[in-house]
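Structure file query.cif with mmCIF, C-alpha atoms:
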```
data_my_file
#
loop_
_atom_site.group_PDB
_atom_site.id
_atom_site.type_symbol
_atom_site.label_atom_id
_atom_site.label_comp_id
_atom_site.auth_asym_id
_atom_site.auth_seq_id
_atom_site.Cartn_x
_atom_site.Cartn_y
_atom_site.Cartn_z
ATOM 1 C CA MET A 7 37.002 71.529 8.149
ATOM 2 C CA LYS A 8 37.788 74.050 5.464
ATOM 3 C CA THR A 9 37.505 71.849 2.392
ATOM 4 C CA LEU A 10 35.945 68.572 1.425
ATOM 5 C CA LYS A 11 39.403 67.147 0.765
ATOM 6 C CA LYS A 12 40.552 67.970 4.287
ATOM 7 C CA ALA A 13 37.493 66.321 5.796
ATOM 8 C CA GLN A 14 37.948 63.213 3.688
ATOM 9 C CA THR A 15 41.633 62.993 4.590
ATOM 10 C CA ALA A 16 40.885 63.272 8.292
ATOM 11 C CA ALA A 17 38.255 60.569 7.999
ATOM 12 C CA ALA A 18 40.136 58.134 5.794
ATOM 13 C CA GLY A 19 39.969 54.563 7.000
ATOM 14 C CA LEU A 20 37.719 55.323 9.961
ATOM 15 C CA ALA A 21 33.961 55.423 9.467
ATOM 16 C CA VAL A 22 33.220 57.124 12.759
ATOM 17 C CA LEU A 23 35.056 60.266 11.713
ATOM 18 C CA LEU A 24 32.859 60.715 8.681
ATOM 19 C CA THR A 25 30.055 61.571 11.068
ATOM 20 C CA LEU A 26 32.085 64.440 12.480
ATOM 21 C CA SER A 27 32.120 66.058 9.039
ATOM 22 C CA ALA A 28 28.934 67.063 7.305
ATOM 23 C CA CYS A 29 30.696 66.542 3.999
ATOM 24 C CA GLY A 30 30.370 62.761 4.154
ATOM 25 C CA GLY A 31 27.625 60.399 5.263
ATOM 26 C CA THR A 32 27.678 56.811 6.431
ATOM 27 C CA ALA A 33 25.373 53.900 5.945
ATOM 28 C CA SER A 34 24.548 53.812 9.632
ATOM 29 C CA SER A 35 23.446 57.446 9.881
ATOM 30 C CA SER A 36 19.721 57.815 10.412
ATOM 31 C CA SER A 37 17.630 59.536 7.779
ATOM 32 C CA THR A 38 16.683 62.144 10.384
ATOM 33 C CA ASP A 39 20.282 63.061 11.090
ATOM 34 C CA ALA A 40 21.123 63.031 7.376
ATOM 35 C CA SER A 41 18.302 65.486 6.742
ATOM 36 C CA LYS A 42 19.759 67.804 9.375
ATOM 37 C CA THR A 43 23.150 67.939 7.689
ATOM 38 C CA SER A 44 21.601 68.625 4.296
ATOM 39 C CA ASN A 45 19.134 71.244 5.538
ATOM 40 C CA THR A 46 20.444 74.724 4.727
ATOM 41 C CA ALA A 47 17.293 76.640 5.711
ATOM 42 C CA ASP A 48 17.929 79.893 7.602
ATOM 43 C CA ILE A 49 16.311 79.667 11.054
ATOM 44 C CA SER A 50 16.210 83.473 11.259
ATOM 45 C CA GLU A 51 13.977 83.866 8.216
ATOM 46 C CA GLY A 52 10.999 85.995 9.210
ATOM 47 C CA VAL A 53 12.500 87.094 12.536
ATOM 48 C CA GLN A 54 12.032 90.816 13.070
ATOM 49 C CA PRO A 55 14.650 93.209 14.482
ATOM 50 C CA ASP A 56 14.487 93.984 18.201
ATOM 51 C CA GLN A 57 14.288 97.761 18.135
ATOM 52 C CA ALA A 58 15.640 98.147 21.665
ATOM 53 C CA ALA A 59 18.769 96.243 20.611
ATOM 54 C CA VAL A 60 19.023 98.110 17.294
ATOM 55 C CA ALA A 61 18.950 101.422 19.163
ATOM 56 C CA LEU A 62 22.167 100.422 20.968
ATOM 57 C CA LEU A 63 24.152 99.840 17.768
ATOM 58 C CA PRO A 64 27.091 102.141 17.031
ATOM 59 C CA GLN A 65 26.412 104.262 13.944
ATOM 60 C CA SER A 66 29.461 102.810 12.205
ATOM 61 C CA VAL A 67 27.976 99.308 12.457
ATOM 62 C CA LYS A 68 24.585 100.513 11.237
ATOM 63 C CA ASP A 69 26.295 102.118 8.258
ATOM 64 C CA LYS A 70 28.226 98.935 7.454
ATOM 65 C CA GLY A 71 25.020 96.893 7.663
ATOM 66 C CA GLU A 72 26.649 93.575 8.562
ATOM 67 C CA LEU A 73 28.602 91.697 11.195
ATOM 68 C CA SER A 74 31.448 89.238 10.726
ATOM 69 C CA VAL A 75 31.485 86.214 13.034
ATOM 70 C CA ALA A 76 34.471 83.903 13.527
ATOM 71 C CA MET A 77 33.833 80.160 13.873
ATOM 72 C CA ASP A 78 35.859 76.978 13.559
ATOM 73 C CA LEU A 79 33.513 75.178 11.181
ATOM 74 C CA HIS A 80 34.141 71.489 11.878
ATOM 75 C CA TYR A 81 32.630 70.757 15.274
ATOM 76 C CA PRO A 82 29.170 69.174 14.937
ATOM 77 C CA PRO A 83 26.548 69.583 16.177
ATOM 78 C CA THR A 84 27.372 73.126 17.290
ATOM 79 C CA THR A 85 29.431 74.469 14.374
ATOM 80 C CA PHE A 86 30.012 72.743 11.035
ATOM 81 C CA LEU A 87 29.291 72.728 7.302
ATOM 82 C CA ALA A 88 26.265 71.248 5.569
ATOM 83 C CA GLU A 89 26.623 68.603 2.891
ATOM 84 C CA ASP A 90 26.984 71.372 0.305
ATOM 85 C CA ASN A 91 30.375 72.089 1.955
ATOM 86 C CA THR A 92 29.461 75.781 1.971
ATOM 87 C CA THR A 93 26.618 76.555 4.379
ATOM 88 C CA ALA A 94 27.452 76.922 8.081
ATOM 89 C CA ILE A 95 24.993 74.912 10.193
ATOM 90 C CA GLY A 96 24.588 73.898 13.836
ATOM 91 C CA LEU A 97 23.660 75.725 17.022
ATOM 92 C CA ASN A 98 26.299 78.446 16.742
ATOM 93 C CA PRO A 99 25.492 79.511 13.155
ATOM 94 C CA ASP A 100 21.817 79.557 14.182
ATOM 95 C CA ILE A 101 22.660 81.852 17.118
ATOM 96 C CA ALA A 102 24.779 84.134 14.922
ATOM 97 C CA ARG A 103 22.037 84.453 12.305
ATOM 98 C CA LEU A 104 19.414 85.164 14.949
ATOM 99 C CA VAL A 105 21.590 87.766 16.690
ATOM 100 C CA ALA A 106 22.238 89.547 13.402
ATOM 101 C CA LYS A 107 18.546 89.508 12.504
ATOM 102 C CA LYS A 108 17.627 90.927 15.937
ATOM 103 C CA LEU A 109 19.995 93.792 15.113
ATOM 104 C CA GLY A 110 18.656 94.250 11.589
ATOM 105 C CA LEU A 111 22.025 93.300 10.088
ATOM 106 C CA LYS A 112 23.482 90.725 7.721
ATOM 107 C CA VAL A 113 26.076 88.248 8.971
ATOM 108 C CA THR A 114 29.225 86.916 7.326
ATOM 109 C CA PHE A 115 30.859 83.693 8.576
ATOM 110 C CA VAL A 116 34.649 83.509 8.732
ATOM 111 C CA ASP A 117 36.010 79.968 9.091
ATOM 112 C CA THR A 118 38.787 80.418 11.642
ATOM 113 C CA LYS A 119 41.052 78.018 13.521
ATOM 114 C CA PHE A 120 39.926 78.074 17.155
ATOM 115 C CA ASP A 121 43.193 79.239 18.698
ATOM 116 C CA THR A 122 43.428 82.207 16.307
ATOM 117 C CA ILE A 123 39.940 83.578 17.028
ATOM 118 C CA ILE A 124 40.871 85.705 20.056
ATOM 119 C CA PRO A 125 43.861 87.376 18.333
ATOM 120 C CA GLY A 126 41.576 88.010 15.364
ATOM 121 C CA LEU A 127 38.972 89.694 17.557
ATOM 122 C CA ASP A 128 41.642 91.769 19.251
ATOM 123 C CA GLY A 129 43.016 92.791 15.856
ATOM 124 C CA GLY A 130 39.606 93.758 14.499
ATOM 125 C CA ARG A 131 39.435 91.060 11.818
ATOM 126 C CA PHE A 132 35.944 90.019 12.959
ATOM 127 C CA ASP A 133 33.209 91.575 15.081
ATOM 128 C CA PHE A 134 32.394 88.638 17.364
ATOM 129 C CA THR A 135 32.585 84.891 17.822
ATOM 130 C CA ALA A 136 29.987 82.277 18.708
ATOM 131 C CA THR A 137 31.978 79.055 18.749
ATOM 132 C CA THR A 138 31.157 77.282 22.039
ATOM 133 C CA MET A 139 33.903 79.227 23.812
ATOM 134 C CA SER A 140 33.962 78.824 27.591
ATOM 135 C CA LYS A 141 34.744 81.686 29.917
ATOM 136 C CA THR A 142 38.161 81.746 31.582
ATOM 137 C CA ASP A 143 39.921 84.450 33.591
ATOM 138 C CA GLU A 144 42.499 84.819 30.817
ATOM 139 C CA ARG A 145 39.880 85.245 28.086
ATOM 140 C CA LEU A 146 37.915 87.733 30.166
ATOM 141 C CA GLN A 147 40.995 89.955 30.353
ATOM 142 C CA VAL A 148 40.773 90.576 26.595
ATOM 143 C CA LEU A 149 37.144 89.780 25.724
ATOM 144 C CA ASP A 150 33.634 90.825 26.644
ATOM 145 C CA MET A 151 31.729 87.513 26.879
ATOM 146 C CA ILE A 152 27.950 87.058 26.826
ATOM 147 C CA ASP A 153 26.448 83.745 28.014
ATOM 148 C CA TYR A 154 24.210 81.851 25.573
ATOM 149 C CA PHE A 155 24.528 78.087 26.174
ATOM 150 C CA LYS A 156 25.584 75.454 28.731
ATOM 151 C CA ALA A 157 27.955 72.764 27.455
ATOM 152 C CA GLY A 158 30.888 71.082 29.257
ATOM 153 C CA ASN A 159 33.466 68.415 28.415
ATOM 154 C CA SER A 160 33.485 64.613 28.579
ATOM 155 C CA VAL A 161 36.110 61.918 28.158
ATOM 156 C CA ALA A 162 35.841 59.335 25.384
ATOM 157 C CA VAL A 163 37.795 56.068 25.451
ATOM 158 C CA ALA A 164 38.027 53.036 23.183
ATOM 159 C CA ALA A 165 34.780 51.181 22.560
ATOM 160 C CA GLY A 166 33.884 48.968 25.505
ATOM 161 C CA ASN A 167 36.481 50.711 27.705
ATOM 162 C CA PRO A 168 38.991 47.819 27.612
ATOM 163 C CA LEU A 169 41.329 49.605 30.056
ATOM 164 C CA LYS A 170 38.451 49.954 32.559
ATOM 165 C CA LEU A 171 39.124 53.667 32.969
ATOM 166 C CA THR A 172 37.037 56.229 34.818
ATOM 167 C CA VAL A 173 37.301 60.017 34.868
ATOM 168 C CA GLU A 174 39.081 59.635 38.207
ATOM 169 C CA THR A 175 41.644 57.034 37.052
ATOM 170 C CA LEU A 176 43.406 58.703 34.119
ATOM 171 C CA CYS A 177 46.719 59.241 35.931
ATOM 172 C CA GLY A 178 49.640 58.493 33.625
ATOM 173 C CA LYS A 179 47.341 57.980 30.643
ATOM 174 C CA SER A 180 47.633 59.880 27.351
ATOM 175 C CA ILE A 181 44.527 61.991 26.841
ATOM 176 C CA ALA A 182 44.040 64.143 23.740
ATOM 177 C CA VAL A 183 42.833 67.751 23.880
ATOM 178 C CA THR A 184 42.433 70.235 21.031
ATOM 179 C CA GLN A 185 44.742 73.204 20.554
ATOM 180 C CA GLY A 186 43.562 76.352 22.354
ATOM 181 C CA SER A 187 40.503 74.691 23.915
ATOM 182 C CA THR A 188 39.314 75.031 27.505
ATOM 183 C CA GLY A 189 40.006 71.320 27.826
ATOM 184 C CA GLN A 190 43.667 71.922 27.062
ATOM 185 C CA LEU A 191 44.061 75.141 29.025
ATOM 186 C CA LYS A 192 41.897 74.488 32.081
ATOM 187 C CA ARG A 193 39.947 71.268 32.455
ATOM 188 C CA LEU A 194 42.581 68.587 31.895
ATOM 189 C CA PRO A 195 45.194 70.347 34.080
ATOM 190 C CA ALA A 196 42.581 70.784 36.845
ATOM 191 C CA LEU A 197 41.485 67.155 36.573
ATOM 192 C CA SER A 198 45.101 65.980 36.658
ATOM 193 C CA GLU A 199 45.813 68.007 39.784
ATOM 194 C CA GLN A 200 42.605 66.990 41.534
ATOM 195 C CA THR A 201 42.707 63.259 40.850
ATOM 196 C CA CYS A 202 46.419 62.553 40.348
ATOM 197 C CA THR A 203 49.254 64.860 41.387
ATOM 198 C CA SER A 204 47.598 65.995 44.630
ATOM 199 C CA LYS A 205 47.478 62.314 45.613
ATOM 200 C CA GLY A 206 51.055 61.500 44.628
ATOM 201 C CA GLN A 207 50.062 59.872 41.331
ATOM 202 C CA PRO A 208 51.624 60.650 37.920
ATOM 203 C CA GLU A 209 49.989 63.481 36.019
ATOM 204 C CA ILE A 210 47.708 62.905 33.041
ATOM 205 C CA ASN A 211 49.723 63.150 29.831
ATOM 206 C CA ALA A 212 48.049 65.796 27.673
ATOM 207 C CA VAL A 213 48.396 65.177 23.923
ATOM 208 C CA THR A 214 47.539 68.404 22.097
ATOM 209 C CA LEU A 215 46.088 67.900 18.613
ATOM 210 C CA PRO A 216 44.665 70.326 16.025
ATOM 211 C CA ASN A 217 41.102 68.961 15.967
ATOM 212 C CA VAL A 218 38.812 66.240 17.284
ATOM 213 C CA GLN A 219 38.950 64.246 14.054
ATOM 214 C CA GLU A 220 42.670 63.665 14.551
ATOM 215 C CA ALA A 221 42.087 62.871 18.227
ATOM 216 C CA LEU A 222 39.511 60.173 17.466
ATOM 217 C CA THR A 223 41.714 58.769 14.718
ATOM 218 C CA GLN A 224 44.530 58.339 17.244
ATOM 219 C CA LEU A 225 42.133 56.849 19.787
ATOM 220 C CA HIS A 226 40.964 54.296 17.228
ATOM 221 C CA SER A 227 44.566 53.359 16.394
ATOM 222 C CA LYS A 228 45.412 53.070 20.125
ATOM 223 C CA ARG A 229 48.067 55.783 20.045
ATOM 224 C CA ILE A 230 46.274 57.542 22.898
ATOM 225 C CA ASP A 231 44.073 56.336 25.742
ATOM 226 C CA GLY A 232 41.274 58.877 25.582
ATOM 227 C CA VAL A 233 39.921 62.182 24.273
ATOM 228 C CA LEU A 234 38.713 65.129 26.380
ATOM 229 C CA TYR A 235 36.322 67.163 24.270
ATOM 230 C CA ASP A 236 32.942 68.924 24.129
ATOM 231 C CA THR A 237 30.173 66.694 25.457
ATOM 232 C CA THR A 238 27.829 67.909 22.726
ATOM 233 C CA ALA A 239 30.134 66.877 19.880
ATOM 234 C CA LEU A 240 31.075 63.532 21.407
ATOM 235 C CA GLY A 241 27.419 62.765 22.050
ATOM 236 C CA TRP A 242 26.582 63.598 18.420
ATOM 237 C CA ALA A 243 29.351 61.344 17.117
ATOM 238 C CA ALA A 244 28.347 58.494 19.445
ATOM 239 C CA LYS A 245 24.761 58.749 18.227
ATOM 240 C CA GLN A 246 25.872 58.655 14.589
ATOM 241 C CA GLN A 247 28.203 55.687 15.077
ATOM 242 C CA PRO A 248 27.144 53.478 18.004
ATOM 243 C CA ASP A 249 29.902 51.374 19.584
ATOM 244 C CA SER A 250 32.700 53.429 18.003
ATOM 245 C CA PHE A 251 33.865 54.672 21.411
ATOM 246 C CA THR A 252 32.640 54.885 25.007
ATOM 247 C CA LEU A 253 31.883 58.059 26.970
ATOM 248 C CA LEU A 254 33.122 57.950 30.574
ATOM 249 C CA GLY A 255 31.415 61.080 31.884
ATOM 250 C CA ARG A 256 31.602 64.852 32.223
ATOM 251 C CA VAL A 257 34.652 66.846 33.308
ATOM 252 C CA ASN A 258 33.616 70.312 34.469
ATOM 253 C CA VAL A 259 36.472 71.108 36.851
ATOM 254 C CA GLY A 260 38.720 74.039 36.023
ATOM 255 C CA SER A 261 36.178 76.129 34.145
ATOM 256 C CA SER A 262 32.514 77.070 33.938
ATOM 257 C CA ASP A 263 30.336 74.920 31.695
ATOM 258 C CA LEU A 264 28.675 78.072 30.326
ATOM 259 C CA THR A 265 29.739 79.142 26.849
ATOM 260 C CA ALA A 266 29.632 82.702 25.616
ATOM 261 C CA VAL A 267 29.668 84.992 22.618
ATOM 262 C CA GLY A 268 32.961 86.883 22.557
ATOM 263 C CA LEU A 269 33.861 90.429 21.478
ATOM 264 C CA LYS A 270 36.925 92.592 21.906
ATOM 265 C CA LYS A 271 37.111 93.944 25.458
ATOM 266 C CA GLY A 272 35.211 97.216 25.731
ATOM 267 C CA SER A 273 33.779 96.972 22.220
ATOM 268 C CA ALA A 274 31.219 99.638 21.355
ATOM 269 C CA LEU A 275 29.143 96.772 19.956
ATOM 270 C CA THR A 276 28.843 94.960 23.318
ATOM 271 C CA PRO A 277 25.640 96.590 24.668
ATOM 272 C CA ALA A 278 23.727 95.973 21.428
ATOM 273 C CA LEU A 279 24.995 92.407 21.140
ATOM 274 C CA GLN A 280 24.060 91.603 24.735
ATOM 275 C CA ALA A 281 20.543 92.936 24.142
ATOM 276 C CA ALA A 282 20.291 90.909 20.931
ATOM 277 C CA VAL A 283 21.494 87.691 22.600
ATOM 278 C CA GLN A 284 18.970 88.179 25.405
ATOM 279 C CA SER A 285 16.236 88.647 22.803
ATOM 280 C CA VAL A 286 17.354 85.424 21.103
ATOM 281 C CA LEU A 287 17.271 83.457 24.382
ATOM 282 C CA GLU A 288 13.665 84.536 24.846
ATOM 283 C CA SER A 289 12.654 83.547 21.319
ATOM 284 C CA PRO A 290 11.002 80.309 20.099
ATOM 285 C CA GLU A 291 13.793 79.978 17.530
ATOM 286 C CA TYR A 292 16.359 79.456 20.314
ATOM 287 C CA LYS A 293 14.471 76.448 21.644
ATOM 288 C CA GLU A 294 13.887 75.240 18.077
ATOM 289 C CA SER A 295 17.617 75.287 17.334
ATOM 290 C CA LEU A 296 18.492 73.470 20.565
ATOM 291 C CA GLY A 297 15.908 70.825 19.749
ATOM 292 C CA THR A 298 17.158 70.385 16.187
ATOM 293 C CA TRP A 299 20.682 69.630 17.353
ATOM 294 C CA GLY A 300 19.729 67.551 20.405
ATOM 295 C CA LEU A 301 20.984 70.183 22.833
ATOM 296 C CA ASP A 302 17.824 70.962 24.805
ATOM 297 C CA SER A 303 19.587 70.451 28.138
ATOM 298 C CA GLY A 304 21.938 73.347 27.352
ATOM 299 C CA ALA A 305 19.237 76.044 27.368
ATOM 300 C CA ILE A 306 19.815 79.115 29.553
ATOM 301 C CA THR A 307 17.692 82.225 30.118
ATOM 302 C CA ASP A 308 20.153 84.970 31.064
ATOM 303 C CA ALA A 309 22.507 86.581 28.532
ATOM 304 C CA LYS A 310 24.876 87.681 31.267
ATOM 305 C CA LEU A 311 27.715 90.000 30.320
ATOM 306 C CA ASN A 312 31.003 88.862 31.856
#
```
Show how you would write the structure in this file as structure tokens.
Amino acid sequence: MKTLKKAQTAAAGLAVLLTLSACGGTASSSSTDASKTSNTADISEGVQPDQAAVALLPQSVKDKGELSVAMDLHYPPTTFLAEDNTTAIGLNPDIARLVAKKLGLKVTFVDTKFDTIIPGLDGGRFDFTATTMSKTDERLQVLDMIDYFKAGNSVAVAAGNPLKLTVETLCGKSIAVTQGSTGQLKRLPALSEQTCTSKGQPEINAVTLPNVQEALTQLHSKRIDGVLYDTTALGWAAKQQPDSFTLLGRVNVGSSDLTAVGLKKGSALTPALQAAVQSVLESPEYKESLGTWGLDSGAITDAKLN
């Protein structure tokens, strides 16, 4: 979501999609959830720099005084815009702000389409990303990745599951994935091989779409049979709009369910960022952010460098 108009267009005619954009509310949203999407308070306010992490910063970064972080800002509850259509909110913006504060730096958010983030990091357009990016062998060839959260994917189908599908019986069905995601690149192909083609059944038909709003729109209109997407985001949407779709279960084949901060491979910033992420994981603000967004089960304790 880059503009209010885009969010409204994606959501037109389908109330459930309004909950996937912080730019529009619905009558069924709870007051608690509405307050979250309107709250633009900075969780890092008052957090002091971690001097051990600061000491690892390259001088050029210290001189610049800020970091740029790439995020695709329309994936609640991890990365999206508040109701002011300006402020980045969710777990990932919280992490980015906390990391920057631990390093004694400012942070600038760059709204970036997911599948262009890695080329942007490689080209030096941003310093790092925190956008619920899973680790894959291909990504680790070009990125340093630092663990900060445990997520995973699930499959959503039409409300009530009229086709009586399970995660193991999607052979021949049309399942949407988002462009450049781990679901598209790893998880759906692995699931298709494991449950279908290895058993002589037709492969799962992957339908690649630009974002989850479009995927859920097509699911609602019965143009596809299901959506494979981040469990956190689907759970958030299901909570906002009960009975809009049904979650079948998690799909963690094909890739780790750990997500990681990403930097250009061999970046001089990597040691400082790893130290800062570790400091964040040990902070009360990390647990506070997870609790705010209903993601307590995703907590980890080790900012492992991959």
Of A:Leu311, A:Val286, A:Leu225, A:Ala212, the one nearest to A:Leu194 when counting all atoms listed in the file is A:Ala212
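Near stretch 114-116 of chain A, within 8 Å and counting all atoms listed in the file, sit Glu72, Leu73, Ser74, Val75, Ala76, Met77, Ala94, Lys112, Thr118 and Phe132 of chain A; same-chain residues fewer than 2 positions away were not included.
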Hits from the PyMOL selection byres ((chain A and resi 233) around 12), listed as a PyMOL selection string
chain A and resi 159-164+173+176+179-184+189-190+194+210-215+217-226+228-232+234-237+239-240+251-257
Take the PyMOL selection byres ((chain A and resi 127) around 10), run it mentally on this structure, and tell me the resulting residues as a ChimeraX atom specification.
/A:75-76,122-126,128-135,148-149,268-271
Within 10 Å of (22.0, 91.4, 10.1) (file coordinates; only C-alpha atoms), which protein or nucleic acid residues are there? I'd like them as a list in words.
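Answer for this query, in the requested form: Ser50, Pro55, Lys68, Gly71, Glu72, Leu73, Ser74, Ala102, Arg103, Leu104, Val105, Ala106, Lys107, Lys108, Leu109, Gly110, Leu111, Lys112, Val113 and Thr114 of chain A.
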In terms of the shortest atom-to-atom distance over only C-alpha atoms, which of A:Glu288, A:Asp308, A:Asp78, A:Asp100 is closest to A:Gln185?
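That would be A:Asp78, the residue with the smallest distance to A:Gln185.
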Check the smallest atom-to-atom distance from each of A:Ile306, A:Ala281, A:Ser289, A:Glu294 to A:Ala59 using all atoms listed in the file, then report the winner.
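Comparing A:Ile306, A:Ala281, A:Ser289, A:Glu294 against A:Ala59, the winner is A:Ala281.
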Evaluating the PyMOL selection byres ((chain A and resi 295) around 8) on the displayed file yields which residues, as a ChimeraX atom specification?
/A:49,96-97,100,291-294,296-299
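When only C-alpha atoms are used to compute distances to A:Ala243, the closest of the residues A:Gly300, A:Leu191, A:Thr46, A:Asp143 turns out to be A:Gly300.
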Between atom CA of A:Lys42 and atom CA of A:Asp302, what is the distance in Å, rounded to a tenth?
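Distance between the two atoms: 15.9 Å.
For the choices A:Lys310, A:Lys119, A:Lys141, A:His80, the atom-to-atom distance to A:Tyr154 is smallest for A:Lys310 when using all atoms listed in the file.
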